[in-house]
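Trainee: The file below is entry.cif, mmCIF, N, CA and C atoms:
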```cif
data_coords
loop_
_atom_site.label_atom_id
_atom_site.label_comp_id
_atom_site.auth_asym_id
_atom_site.auth_seq_id
_atom_site.Cartn_x
_atom_site.Cartn_y
_atom_site.Cartn_z
N MET A 300 18.00 -7.76 10.40
CA MET A 300 16.65 -7.53 9.92
C MET A 300 16.69 -7.11 8.46
N LYS A 301 15.70 -7.53 7.71
CA LYS A 301 15.60 -7.15 6.30
C LYS A 301 15.17 -5.70 6.17
N ASN A 302 15.53 -5.10 5.04
CA ASN A 302 15.18 -3.72 4.76
C ASN A 302 13.96 -3.60 3.85
N GLU A 303 13.59 -4.69 3.18
CA GLU A 303 12.47 -4.57 2.26
C GLU A 303 11.60 -5.82 2.26
N ILE A 304 10.36 -5.60 1.85
CA ILE A 304 9.37 -6.66 1.71
C ILE A 304 8.98 -6.71 0.24
N GLU A 305 8.91 -7.91 -0.31
CA GLU A 305 8.39 -8.04 -1.67
C GLU A 305 7.42 -9.21 -1.71
N LYS A 306 6.23 -8.93 -2.22
CA LYS A 306 5.18 -9.94 -2.35
C LYS A 306 4.64 -9.87 -3.77
N GLN A 307 4.13 -11.00 -4.24
CA GLN A 307 3.65 -11.08 -5.61
C GLN A 307 2.43 -12.00 -5.67
N ILE A 308 1.52 -11.66 -6.58
CA ILE A 308 0.34 -12.49 -6.79
C ILE A 308 -0.04 -12.43 -8.27
N ASP A 309 -0.48 -13.56 -8.79
CA ASP A 309 -1.02 -13.61 -10.14
C ASP A 309 -2.53 -13.53 -10.03
N VAL A 310 -3.10 -12.52 -10.65
CA VAL A 310 -4.52 -12.22 -10.54
C VAL A 310 -5.20 -12.56 -11.87
N LYS A 311 -6.33 -13.24 -11.78
CA LYS A 311 -7.08 -13.59 -12.99
C LYS A 311 -7.99 -12.44 -13.37
N ALA A 312 -7.36 -11.37 -13.85
CA ALA A 312 -8.10 -10.18 -14.28
C ALA A 312 -7.21 -9.42 -15.26
N LEU A 313 -7.87 -8.66 -16.12
CA LEU A 313 -7.12 -7.84 -17.07
C LEU A 313 -6.25 -6.83 -16.34
N LEU A 314 -5.12 -6.53 -16.93
CA LEU A 314 -4.20 -5.55 -16.34
C LEU A 314 -4.92 -4.23 -16.08
N SER A 315 -5.73 -3.78 -17.00
CA SER A 315 -6.45 -2.51 -16.82
C SER A 315 -7.37 -2.55 -15.61
N ARG A 316 -7.95 -3.71 -15.32
CA ARG A 316 -8.84 -3.84 -14.15
C ARG A 316 -8.04 -3.77 -12.85
N VAL A 317 -6.90 -4.44 -12.81
CA VAL A 317 -6.05 -4.41 -11.61
C VAL A 317 -5.51 -3.00 -11.41
N TRP A 318 -5.13 -2.36 -12.50
CA TRP A 318 -4.61 -0.98 -12.43
C TRP A 318 -5.66 -0.06 -11.81
N ARG A 319 -6.89 -0.16 -12.26
CA ARG A 319 -7.96 0.68 -11.72
C ARG A 319 -8.15 0.43 -10.22
N ALA A 320 -8.07 -0.83 -9.81
CA ALA A 320 -8.23 -1.15 -8.38
C ALA A 320 -7.12 -0.51 -7.54
N LEU A 321 -5.93 -0.40 -8.12
CA LEU A 321 -4.80 0.20 -7.40
C LEU A 321 -4.85 1.72 -7.36
N THR A 322 -5.24 2.33 -8.46
CA THR A 322 -5.03 3.78 -8.59
C THR A 322 -6.28 4.64 -8.52
N ASP A 323 -7.45 4.05 -8.57
CA ASP A 323 -8.67 4.82 -8.32
C ASP A 323 -8.83 4.86 -6.79
N TYR A 324 -8.79 6.03 -6.23
CA TYR A 324 -8.77 6.14 -4.77
C TYR A 324 -9.98 5.51 -4.11
N ARG A 325 -11.11 5.50 -4.78
CA ARG A 325 -12.30 4.88 -4.18
C ARG A 325 -12.16 3.36 -4.15
N GLU A 326 -11.67 2.79 -5.26
CA GLU A 326 -11.47 1.33 -5.30
C GLU A 326 -10.34 0.92 -4.35
N PHE A 327 -9.25 1.67 -4.34
CA PHE A 327 -8.16 1.40 -3.41
C PHE A 327 -8.71 1.35 -1.99
N GLY A 328 -9.55 2.30 -1.66
CA GLY A 328 -10.13 2.35 -0.33
C GLY A 328 -10.97 1.13 0.01
N GLN A 329 -11.65 0.57 -0.99
CA GLN A 329 -12.49 -0.60 -0.72
C GLN A 329 -11.65 -1.80 -0.31
N TRP A 330 -10.61 -2.13 -1.08
CA TRP A 330 -9.84 -3.33 -0.75
C TRP A 330 -8.81 -3.09 0.35
N PHE A 331 -8.30 -1.85 0.45
CA PHE A 331 -7.29 -1.55 1.48
C PHE A 331 -7.94 -1.22 2.82
N GLN A 332 -9.22 -0.94 2.79
CA GLN A 332 -10.02 -0.60 3.96
C GLN A 332 -9.61 0.74 4.56
N VAL A 333 -9.65 1.75 3.68
CA VAL A 333 -9.47 3.14 4.08
C VAL A 333 -10.48 4.00 3.33
N ARG A 334 -10.79 5.15 3.88
CA ARG A 334 -11.65 6.12 3.21
C ARG A 334 -10.75 7.31 2.87
N LEU A 335 -10.52 7.52 1.59
CA LEU A 335 -9.61 8.58 1.15
C LEU A 335 -10.41 9.81 0.71
N ASP A 336 -9.82 10.97 0.93
CA ASP A 336 -10.51 12.23 0.65
C ASP A 336 -10.42 12.68 -0.80
N GLY A 337 -9.54 12.07 -1.58
CA GLY A 337 -9.42 12.50 -2.96
C GLY A 337 -8.49 11.59 -3.74
N PRO A 338 -8.28 11.90 -5.01
CA PRO A 338 -7.52 11.02 -5.90
C PRO A 338 -6.02 11.03 -5.63
N PHE A 339 -5.36 10.04 -6.19
CA PHE A 339 -3.90 9.94 -6.14
C PHE A 339 -3.33 10.85 -7.23
N VAL A 340 -2.45 11.78 -6.83
CA VAL A 340 -1.82 12.71 -7.76
C VAL A 340 -0.33 12.74 -7.44
N PRO A 341 0.53 12.47 -8.43
CA PRO A 341 1.97 12.49 -8.17
C PRO A 341 2.42 13.82 -7.54
N GLY A 342 3.24 13.70 -6.50
CA GLY A 342 3.75 14.87 -5.81
C GLY A 342 2.83 15.43 -4.74
N GLN A 343 1.68 14.79 -4.55
CA GLN A 343 0.72 15.27 -3.55
C GLN A 343 0.38 14.19 -2.54
N ALA A 344 0.03 14.65 -1.35
CA ALA A 344 -0.43 13.72 -0.32
C ALA A 344 -1.87 13.33 -0.60
N CYS A 345 -2.21 12.12 -0.24
CA CYS A 345 -3.58 11.61 -0.30
C CYS A 345 -3.89 11.10 1.10
N ALA A 346 -4.89 11.67 1.72
CA ALA A 346 -5.17 11.37 3.12
C ALA A 346 -6.60 10.89 3.32
N GLY A 347 -6.82 10.30 4.47
CA GLY A 347 -8.14 9.83 4.84
C GLY A 347 -8.08 9.15 6.19
N ALA A 348 -8.95 8.17 6.36
CA ALA A 348 -9.03 7.45 7.63
C ALA A 348 -9.22 5.96 7.36
N MET A 349 -8.67 5.16 8.24
CA MET A 349 -8.82 3.71 8.10
C MET A 349 -10.25 3.29 8.42
N THR A 350 -10.69 2.24 7.75
CA THR A 350 -12.00 1.65 8.02
C THR A 350 -11.86 0.21 8.48
N TYR A 351 -10.64 -0.27 8.59
CA TYR A 351 -10.35 -1.65 9.00
C TYR A 351 -10.87 -1.86 10.42
N PRO A 352 -11.64 -2.94 10.66
CA PRO A 352 -12.19 -3.18 11.99
C PRO A 352 -11.11 -3.15 13.08
N GLY A 353 -11.38 -2.37 14.09
CA GLY A 353 -10.44 -2.21 15.20
C GLY A 353 -9.54 -1.00 15.03
N PHE A 354 -9.46 -0.47 13.82
CA PHE A 354 -8.62 0.69 13.55
C PHE A 354 -9.41 1.83 12.91
N GLU A 355 -10.73 1.73 12.96
CA GLU A 355 -11.59 2.73 12.34
C GLU A 355 -11.22 4.13 12.82
N GLY A 356 -11.13 5.05 11.85
CA GLY A 356 -10.86 6.44 12.17
C GLY A 356 -9.40 6.81 12.31
N LYS A 357 -8.51 5.82 12.38
CA LYS A 357 -7.08 6.14 12.48
C LYS A 357 -6.66 6.84 11.19
N PRO A 358 -5.81 7.89 11.29
CA PRO A 358 -5.40 8.61 10.09
C PRO A 358 -4.59 7.74 9.14
N PHE A 359 -4.77 8.01 7.86
CA PHE A 359 -4.06 7.29 6.81
C PHE A 359 -3.62 8.33 5.78
N THR A 360 -2.32 8.41 5.53
CA THR A 360 -1.79 9.36 4.56
C THR A 360 -0.65 8.73 3.78
N VAL A 361 -0.67 8.93 2.47
CA VAL A 361 0.44 8.54 1.61
C VAL A 361 0.86 9.76 0.80
N MET A 362 2.13 9.80 0.42
CA MET A 362 2.63 10.82 -0.49
C MET A 362 2.89 10.13 -1.83
N VAL A 363 2.08 10.45 -2.82
CA VAL A 363 2.19 9.79 -4.12
C VAL A 363 3.48 10.24 -4.80
N LYS A 364 4.25 9.28 -5.24
CA LYS A 364 5.53 9.55 -5.90
C LYS A 364 5.43 9.46 -7.41
N GLU A 365 4.95 8.32 -7.90
CA GLU A 365 4.99 8.10 -9.33
C GLU A 365 3.79 7.28 -9.79
N ILE A 366 3.25 7.66 -10.93
CA ILE A 366 2.20 6.90 -11.58
C ILE A 366 2.58 6.75 -13.04
N GLN A 367 2.90 5.52 -13.44
CA GLN A 367 3.16 5.19 -14.84
C GLN A 367 2.00 4.30 -15.27
N PRO A 368 1.05 4.85 -16.02
CA PRO A 368 -0.19 4.12 -16.32
C PRO A 368 -0.01 2.65 -16.70
N GLU A 369 -0.77 1.85 -15.98
CA GLU A 369 -0.84 0.39 -16.16
C GLU A 369 0.50 -0.31 -16.03
N ARG A 370 1.44 0.33 -15.31
CA ARG A 370 2.74 -0.28 -15.09
C ARG A 370 3.25 -0.13 -13.66
N LEU A 371 3.22 1.10 -13.12
CA LEU A 371 3.83 1.35 -11.82
C LEU A 371 3.08 2.43 -11.05
N PHE A 372 2.90 2.19 -9.76
CA PHE A 372 2.27 3.15 -8.85
C PHE A 372 3.08 3.11 -7.56
N SER A 373 3.54 4.28 -7.10
CA SER A 373 4.35 4.28 -5.88
C SER A 373 3.98 5.45 -4.97
N TYR A 374 4.21 5.21 -3.69
CA TYR A 374 4.01 6.24 -2.68
C TYR A 374 4.92 5.97 -1.49
N THR A 375 5.09 7.01 -0.67
CA THR A 375 5.77 6.83 0.61
C THR A 375 4.73 7.01 1.70
N TRP A 376 5.07 6.42 2.87
CA TRP A 376 4.18 6.52 4.01
C TRP A 376 4.93 6.16 5.28
N HIS A 377 4.26 6.37 6.39
CA HIS A 377 4.78 5.95 7.69
C HIS A 377 4.15 4.59 7.99
N PRO A 378 4.92 3.51 7.89
CA PRO A 378 4.34 2.18 8.06
C PRO A 378 3.94 1.90 9.51
N TYR A 379 2.82 1.25 9.65
CA TYR A 379 2.30 0.85 10.96
C TYR A 379 2.35 2.01 11.97
N ALA A 380 1.85 3.15 11.52
CA ALA A 380 1.86 4.37 12.32
C ALA A 380 0.52 4.53 13.02
N LEU A 381 0.33 3.81 14.11
CA LEU A 381 -0.98 3.76 14.76
C LEU A 381 -1.05 4.37 16.16
N ASP A 382 0.08 4.73 16.73
CA ASP A 382 0.10 5.28 18.09
C ASP A 382 -0.31 6.76 18.05
N PRO A 383 -1.47 7.11 18.62
CA PRO A 383 -1.93 8.50 18.55
C PRO A 383 -1.05 9.47 19.34
N ASP A 384 -0.22 8.95 20.22
CA ASP A 384 0.65 9.81 21.03
C ASP A 384 2.03 10.02 20.42
N ARG A 385 2.26 9.46 19.25
CA ARG A 385 3.58 9.58 18.62
C ARG A 385 3.49 10.50 17.40
N ASP A 386 4.49 11.37 17.25
CA ASP A 386 4.57 12.25 16.09
C ASP A 386 5.40 11.57 15.02
N TYR A 387 4.73 11.01 14.03
CA TYR A 387 5.42 10.29 12.97
C TYR A 387 6.00 11.22 11.91
N ASP A 388 5.55 12.47 11.87
CA ASP A 388 6.00 13.39 10.84
C ASP A 388 7.51 13.60 10.83
N ALA A 389 8.16 13.45 11.97
CA ALA A 389 9.61 13.64 12.05
C ALA A 389 10.39 12.40 11.59
N GLU A 390 9.69 11.29 11.38
CA GLU A 390 10.35 10.04 11.00
C GLU A 390 10.47 9.90 9.48
N PRO A 391 11.47 9.16 9.02
CA PRO A 391 11.54 8.83 7.60
C PRO A 391 10.35 7.95 7.22
N GLN A 392 10.07 7.89 5.93
CA GLN A 392 8.99 7.05 5.42
C GLN A 392 9.57 5.90 4.61
N THR A 393 8.77 4.87 4.44
CA THR A 393 9.17 3.78 3.54
C THR A 393 8.53 4.05 2.17
N LEU A 394 9.09 3.40 1.16
CA LEU A 394 8.61 3.53 -0.20
C LEU A 394 7.86 2.26 -0.59
N VAL A 395 6.63 2.41 -1.07
CA VAL A 395 5.81 1.30 -1.53
C VAL A 395 5.68 1.42 -3.05
N VAL A 396 6.03 0.35 -3.76
CA VAL A 396 5.96 0.35 -5.22
C VAL A 396 5.14 -0.85 -5.68
N PHE A 397 4.07 -0.57 -6.41
CA PHE A 397 3.28 -1.61 -7.06
C PHE A 397 3.69 -1.65 -8.52
N THR A 398 3.98 -2.85 -9.03
CA THR A 398 4.24 -3.00 -10.46
C THR A 398 3.30 -4.06 -11.02
N LEU A 399 2.91 -3.87 -12.26
CA LEU A 399 2.00 -4.78 -12.93
C LEU A 399 2.64 -5.31 -14.20
N GLN A 400 2.36 -6.56 -14.48
CA GLN A 400 2.87 -7.20 -15.68
C GLN A 400 1.77 -8.10 -16.23
N GLU A 401 1.51 -7.97 -17.52
CA GLU A 401 0.52 -8.84 -18.15
C GLU A 401 1.12 -10.24 -18.30
N ILE A 402 0.35 -11.24 -17.91
CA ILE A 402 0.77 -12.64 -18.03
C ILE A 402 -0.37 -13.42 -18.66
N ALA A 403 -0.08 -14.63 -19.09
CA ALA A 403 -1.14 -15.48 -19.64
C ALA A 403 -2.23 -15.68 -18.58
N GLY A 404 -3.43 -15.34 -18.91
CA GLY A 404 -4.55 -15.54 -17.99
C GLY A 404 -4.77 -14.42 -17.00
N GLY A 405 -4.00 -13.33 -17.09
CA GLY A 405 -4.25 -12.25 -16.14
C GLY A 405 -3.10 -11.28 -15.96
N THR A 406 -2.87 -10.93 -14.70
CA THR A 406 -1.91 -9.88 -14.35
C THR A 406 -1.07 -10.33 -13.16
N ARG A 407 0.22 -10.11 -13.26
CA ARG A 407 1.11 -10.33 -12.11
C ARG A 407 1.27 -8.99 -11.40
N LEU A 408 0.87 -8.97 -10.14
CA LEU A 408 0.98 -7.77 -9.31
C LEU A 408 2.07 -8.00 -8.27
N THR A 409 3.02 -7.09 -8.22
CA THR A 409 4.10 -7.15 -7.24
C THR A 409 4.06 -5.90 -6.40
N VAL A 410 4.23 -6.06 -5.10
CA VAL A 410 4.38 -4.92 -4.21
C VAL A 410 5.72 -5.05 -3.51
N ASN A 411 6.44 -3.93 -3.45
CA ASN A 411 7.73 -3.88 -2.78
C ASN A 411 7.71 -2.69 -1.84
N GLU A 412 8.04 -2.92 -0.58
CA GLU A 412 8.16 -1.83 0.38
C GLU A 412 9.57 -1.84 0.92
N SER A 413 10.25 -0.70 0.81
CA SER A 413 11.65 -0.62 1.24
C SER A 413 11.88 0.61 2.11
N GLY A 414 13.00 0.57 2.83
CA GLY A 414 13.38 1.69 3.67
C GLY A 414 13.19 1.47 5.16
N PHE A 415 12.94 0.24 5.55
CA PHE A 415 12.71 -0.05 6.97
C PHE A 415 13.95 0.25 7.81
N ASP A 416 15.13 0.14 7.22
CA ASP A 416 16.36 0.39 7.99
C ASP A 416 16.50 1.85 8.41
N SER A 417 15.73 2.75 7.81
CA SER A 417 15.81 4.16 8.19
C SER A 417 14.82 4.53 9.30
N LEU A 418 13.94 3.61 9.66
CA LEU A 418 12.97 3.88 10.72
C LEU A 418 13.65 3.88 12.08
N PRO A 419 13.07 4.58 13.05
CA PRO A 419 13.63 4.53 14.40
C PRO A 419 13.72 3.09 14.91
N ALA A 420 14.80 2.80 15.58
CA ALA A 420 15.08 1.44 16.04
C ALA A 420 13.97 0.87 16.91
N ASP A 421 13.30 1.71 17.70
CA ASP A 421 12.29 1.21 18.63
C ASP A 421 11.01 0.72 17.94
N ARG A 422 10.84 1.00 16.66
CA ARG A 422 9.63 0.52 15.99
C ARG A 422 9.91 -0.16 14.65
N ARG A 423 11.15 -0.26 14.27
CA ARG A 423 11.55 -0.84 12.99
C ARG A 423 11.08 -2.28 12.83
N GLU A 424 11.37 -3.13 13.80
CA GLU A 424 11.05 -4.55 13.69
C GLU A 424 9.54 -4.79 13.65
N GLU A 425 8.80 -4.07 14.49
CA GLU A 425 7.35 -4.25 14.52
C GLU A 425 6.71 -3.78 13.20
N ALA A 426 7.16 -2.64 12.67
CA ALA A 426 6.62 -2.14 11.41
C ALA A 426 6.88 -3.14 10.29
N PHE A 427 8.10 -3.69 10.25
CA PHE A 427 8.43 -4.67 9.22
C PHE A 427 7.56 -5.91 9.36
N SER A 428 7.46 -6.44 10.56
CA SER A 428 6.70 -7.66 10.80
C SER A 428 5.22 -7.48 10.45
N MET A 429 4.64 -6.38 10.87
CA MET A 429 3.22 -6.15 10.61
C MET A 429 2.96 -5.96 9.11
N ASN A 430 3.86 -5.26 8.43
CA ASN A 430 3.65 -5.03 7.01
C ASN A 430 3.95 -6.26 6.17
N GLU A 431 4.85 -7.09 6.61
CA GLU A 431 5.13 -8.31 5.86
C GLU A 431 3.87 -9.17 5.77
N GLY A 432 3.20 -9.35 6.88
CA GLY A 432 1.93 -10.08 6.87
C GLY A 432 0.82 -9.27 6.24
N GLY A 433 0.86 -7.98 6.43
CA GLY A 433 -0.16 -7.10 5.89
C GLY A 433 -0.20 -7.11 4.37
N TRP A 434 0.97 -7.09 3.75
CA TRP A 434 0.99 -7.09 2.27
C TRP A 434 0.49 -8.41 1.71
N GLU A 435 0.77 -9.49 2.40
CA GLU A 435 0.23 -10.78 1.97
C GLU A 435 -1.29 -10.72 1.93
N ALA A 436 -1.88 -10.19 2.99
CA ALA A 436 -3.34 -10.07 3.07
C ALA A 436 -3.88 -9.08 2.05
N GLN A 437 -3.18 -7.96 1.87
CA GLN A 437 -3.69 -6.95 0.94
C GLN A 437 -3.68 -7.43 -0.51
N LEU A 438 -2.69 -8.22 -0.88
CA LEU A 438 -2.69 -8.76 -2.24
C LEU A 438 -3.87 -9.70 -2.45
N GLN A 439 -4.20 -10.47 -1.43
CA GLN A 439 -5.39 -11.32 -1.52
C GLN A 439 -6.65 -10.45 -1.63
N ASN A 440 -6.67 -9.33 -0.91
CA ASN A 440 -7.81 -8.41 -0.98
C ASN A 440 -7.98 -7.84 -2.38
N VAL A 441 -6.87 -7.46 -3.02
CA VAL A 441 -6.94 -6.94 -4.39
C VAL A 441 -7.51 -8.02 -5.32
N ALA A 442 -7.00 -9.23 -5.21
CA ALA A 442 -7.46 -10.32 -6.07
C ALA A 442 -8.97 -10.55 -5.91
N ARG A 443 -9.44 -10.56 -4.66
CA ARG A 443 -10.88 -10.73 -4.42
C ARG A 443 -11.67 -9.53 -4.99
N HIS A 444 -11.14 -8.35 -4.80
CA HIS A 444 -11.83 -7.15 -5.25
C HIS A 444 -12.03 -7.13 -6.76
N VAL A 445 -10.98 -7.46 -7.52
CA VAL A 445 -11.11 -7.41 -8.99
C VAL A 445 -11.91 -8.59 -9.54
N ALA A 446 -12.08 -9.63 -8.74
CA ALA A 446 -12.86 -10.79 -9.17
C ALA A 446 -14.36 -10.55 -9.05
N GLN A 447 -14.76 -9.52 -8.33
CA GLN A 447 -16.18 -9.24 -8.11
C GLN A 447 -16.85 -8.74 -9.38
#
```
Show the structure stored in the file as structure tokens.

Mentor:
Amino acid sequence: MKNEIEKQIDVKALLSRVWRALTDYREFGQWFQVRLDGPFVPGQACAGAMTYPGFEGKPFTVMVKEIQPERLFSYTWHPYALDPDRDYDAEPQTLVVFTLQEIAGGTRLTVNESGFDSLPADRREEAFSMNEGGWEAQLQNVARHVAQ
């Protein structure tokens, strides 16, 4: 099994616009389909609840690692952590890194999620599989969001 997922999309929008969609917690919530309680701050958790149909109200928390304006945004989280009867706090987290690059006609957005090999064996494959497809969809969501 692979340890990391990497997806990329070229977005027809200014880098500053894509950056805002990623790092403004309200905009992030719109395209990612979560309601967050506050802004992204390095070294702090950002929590809220999912609004995605079928998963409404499920908890959503990320630990913000790094914000390099208009270049890099990263956080850790518990991927595909949806079972209300499971305590995910004792598990390792994966690292999600968004990078932006200005290109002719817009912005290249790359997302990389790594650390799946450290997850418990009983949920490693499912978390990887769900997030691999999930990131493909989320990049399309960002592109649609900034095009509005």

Trainee: Of the candidates A:Val310, A:Glu390, A:Pro378, A:Arg407, which shows the shortest atom-to-atom distance to Met429 of chain A, using all atoms listed in the file?

Mentor: A:Pro378

Trainee: Nearest to Val410 of chain A: which of A:Gln307, A:Ile366, A:Asn302, A:Thr350 is it, counting all atoms listed in the file?

Mentor: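 Closest candidate: A:Gln307.
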
Trainee: Identify the residues around (-4.7, 8.5, -7.6) within a radius of 5 Å, measuring from only N, CA and C atoms in the coordinates stated by the file, and give them as a VMD selection string.

Mentor: chain A and resid 322 324 338 to 340

Trainee: Atom N of Gln437 of chain A and atom CA of Val317 of chain A are how many Å apart?

Mentor: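 Taking atom N of Gln437 of chain A as the start and atom CA of Val317 of chain A as the end point, the length is 14.2 Å.
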
Trainee: Would you work out the distance separating atom CA of Met362 of chain A from atom CA of Gly405 of chain A, expressed in Å to one decimal?

Mentor: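 Result for atom CA of Met362 of chain A versus atom CA of Gly405 of chain A: 28.7 Å, one decimal.
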
Trainee: From the list A:Ile402, A:Trp318, A:Tyr379, A:Trp330, which residue is nearest Asn430 of chain A when using all atoms listed in the file?

Mentor: A:Tyr379

Trainee: Expanded to explicit residues, what is the PyMOL selection byres ((chain A and resi 343) around 6.5) for this file, as number ranges by chain?

Mentor: A: 340-342, 344-345, 361-364

Trainee: Got a sec to tell me which of chain A DSSP assigns to strand (DSSP E), as an MDAnalysis selection string?

Mentor: chainID A and resid 303:310 333:335 344:349 358:367 371:376 393:402 405:413

Trainee: Enumerate, as a PDB file with N, CA and C atoms, in the frame of the given file, the complete set of residues in segment 380-441 of chain A that a backbone-based DSSP assignment places in helix (DSSP H, G or I).

Mentor:
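Ended up saving to result26.pdb:
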```
ATOM      1  N   TYR A 387       4.730  11.010  14.030  1.00  0.00           N
ATOM      2  CA  TYR A 387       5.420  10.290  12.970  1.00  0.00           C
ATOM      3  C   TYR A 387       6.000  11.220  11.910  1.00  0.00           C
ATOM      4  N   ASP A 388       5.550  12.470  11.870  1.00  0.00           N
ATOM      5  CA  ASP A 388       6.000  13.390  10.840  1.00  0.00           C
ATOM      6  C   ASP A 388       7.510  13.600  10.830  1.00  0.00           C
ATOM      7  N   ALA A 389       8.160  13.450  11.970  1.00  0.00           N
ATOM      8  CA  ALA A 389       9.610  13.640  12.050  1.00  0.00           C
ATOM      9  C   ALA A 389      10.390  12.400  11.590  1.00  0.00           C
ATOM     10  N   PHE A 415      12.940   0.240   5.550  1.00  0.00           N
ATOM     11  CA  PHE A 415      12.710  -0.050   6.970  1.00  0.00           C
ATOM     12  C   PHE A 415      13.950   0.250   7.810  1.00  0.00           C
ATOM     13  N   ASP A 416      15.130   0.140   7.220  1.00  0.00           N
ATOM     14  CA  ASP A 416      16.360   0.390   7.990  1.00  0.00           C
ATOM     15  C   ASP A 416      16.500   1.850   8.410  1.00  0.00           C
ATOM     16  N   SER A 417      15.730   2.750   7.810  1.00  0.00           N
ATOM     17  CA  SER A 417      15.810   4.160   8.190  1.00  0.00           C
ATOM     18  C   SER A 417      14.820   4.530   9.300  1.00  0.00           C
ATOM     19  N   ALA A 420      14.800   2.800  15.580  1.00  0.00           N
ATOM     20  CA  ALA A 420      15.080   1.440  16.040  1.00  0.00           C
ATOM     21  C   ALA A 420      13.970   0.870  16.910  1.00  0.00           C
ATOM     22  N   ASP A 421      13.300   1.710  17.700  1.00  0.00           N
ATOM     23  CA  ASP A 421      12.290   1.210  18.630  1.00  0.00           C
ATOM     24  C   ASP A 421      11.010   0.720  17.940  1.00  0.00           C
ATOM     25  N   ARG A 422      10.840   1.000  16.660  1.00  0.00           N
ATOM     26  CA  ARG A 422       9.630   0.520  15.990  1.00  0.00           C
ATOM     27  C   ARG A 422       9.910  -0.160  14.650  1.00  0.00           C
ATOM     28  N   ARG A 423      11.150  -0.260  14.270  1.00  0.00           N
ATOM     29  CA  ARG A 423      11.550  -0.840  12.990  1.00  0.00           C
ATOM     30  C   ARG A 423      11.080  -2.280  12.830  1.00  0.00           C
ATOM     31  N   GLU A 424      11.370  -3.130  13.800  1.00  0.00           N
ATOM     32  CA  GLU A 424      11.050  -4.550  13.690  1.00  0.00           C
ATOM     33  C   GLU A 424       9.540  -4.790  13.650  1.00  0.00           C
ATOM     34  N   GLU A 425       8.800  -4.070  14.490  1.00  0.00           N
ATOM     35  CA  GLU A 425       7.350  -4.250  14.520  1.00  0.00           C
ATOM     36  C   GLU A 425       6.710  -3.780  13.200  1.00  0.00           C
ATOM     37  N   ALA A 426       7.160  -2.640  12.670  1.00  0.00           N
ATOM     38  CA  ALA A 426       6.620  -2.140  11.410  1.00  0.00           C
ATOM     39  C   ALA A 426       6.880  -3.140  10.290  1.00  0.00           C
ATOM     40  N   PHE A 427       8.100  -3.690  10.250  1.00  0.00           N
ATOM     41  CA  PHE A 427       8.430  -4.670   9.220  1.00  0.00           C
ATOM     42  C   PHE A 427       7.560  -5.910   9.360  1.00  0.00           C
ATOM     43  N   SER A 428       7.460  -6.440  10.560  1.00  0.00           N
ATOM     44  CA  SER A 428       6.700  -7.660  10.800  1.00  0.00           C
ATOM     45  C   SER A 428       5.220  -7.480  10.450  1.00  0.00           C
ATOM     46  N   MET A 429       4.640  -6.380  10.870  1.00  0.00           N
ATOM     47  CA  MET A 429       3.220  -6.150  10.610  1.00  0.00           C
ATOM     48  C   MET A 429       2.960  -5.960   9.110  1.00  0.00           C
ATOM     49  N   ASN A 430       3.860  -5.260   8.430  1.00  0.00           N
ATOM     50  CA  ASN A 430       3.650  -5.030   7.010  1.00  0.00           C
ATOM     51  C   ASN A 430       3.950  -6.260   6.170  1.00  0.00           C
ATOM     52  N   GLU A 431       4.850  -7.090   6.610  1.00  0.00           N
ATOM     53  CA  GLU A 431       5.130  -8.310   5.860  1.00  0.00           C
ATOM     54  C   GLU A 431       3.870  -9.170   5.770  1.00  0.00           C
ATOM     55  N   GLY A 432       3.200  -9.350   6.880  1.00  0.00           N
ATOM     56  CA  GLY A 432       1.930 -10.080   6.870  1.00  0.00           C
ATOM     57  C   GLY A 432       0.820  -9.270   6.240  1.00  0.00           C
ATOM     58  N   GLY A 433       0.860  -7.980   6.430  1.00  0.00           N
ATOM     59  CA  GLY A 433      -0.160  -7.100   5.890  1.00  0.00           C
ATOM     60  C   GLY A 433      -0.200  -7.110   4.370  1.00  0.00           C
ATOM     61  N   TRP A 434       0.970  -7.090   3.750  1.00  0.00           N
ATOM     62  CA  TRP A 434       0.990  -7.090   2.270  1.00  0.00           C
ATOM     63  C   TRP A 434       0.490  -8.410   1.710  1.00  0.00           C
ATOM     64  N   GLU A 435       0.770  -9.490   2.400  1.00  0.00           N
ATOM     65  CA  GLU A 435       0.230 -10.780   1.970  1.00  0.00           C
ATOM     66  C   GLU A 435      -1.290 -10.720   1.930  1.00  0.00           C
ATOM     67  N   ALA A 436      -1.880 -10.190   2.990  1.00  0.00           N
ATOM     68  CA  ALA A 436      -3.340 -10.070   3.070  1.00  0.00           C
ATOM     69  C   ALA A 436      -3.880  -9.080   2.050  1.00  0.00           C
ATOM     70  N   GLN A 437      -3.180  -7.960   1.870  1.00  0.00           N
ATOM     71  CA  GLN A 437      -3.690  -6.950   0.940  1.00  0.00           C
ATOM     72  C   GLN A 437      -3.680  -7.430  -0.510  1.00  0.00           C
ATOM     73  N   LEU A 438      -2.690  -8.220  -0.880  1.00  0.00           N
ATOM     74  CA  LEU A 438      -2.690  -8.760  -2.240  1.00  0.00           C
ATOM     75  C   LEU A 438      -3.870  -9.700  -2.450  1.00  0.00           C
ATOM     76  N   GLN A 439      -4.200 -10.470  -1.430  1.00  0.00           N
ATOM     77  CA  GLN A 439      -5.390 -11.320  -1.520  1.00  0.00           C
ATOM     78  C   GLN A 439      -6.650 -10.450  -1.630  1.00  0.00           C
ATOM     79  N   ASN A 440      -6.670  -9.330  -0.910  1.00  0.00           N
ATOM     80  CA  ASN A 440      -7.810  -8.410  -0.980  1.00  0.00           C
ATOM     81  C   ASN A 440      -7.980  -7.840  -2.380  1.00  0.00           C
ATOM     82  N   VAL A 441      -6.870  -7.460  -3.020  1.00  0.00           N
ATOM     83  CA  VAL A 441      -6.940  -6.940  -4.390  1.00  0.00           C
ATOM     84  C   VAL A 441      -7.510  -8.020  -5.320  1.00  0.00           C
TER      85      VAL A 441
END
```

Trainee: Pick from A:Leu313, A:Gln392, A:His377, A:Thr398: nearest to Glu365 of chain A, with only C-alpha atoms counted?

Mentor: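 Using only C-alpha atoms, Glu365 of chain A sits closest to A:Thr398.
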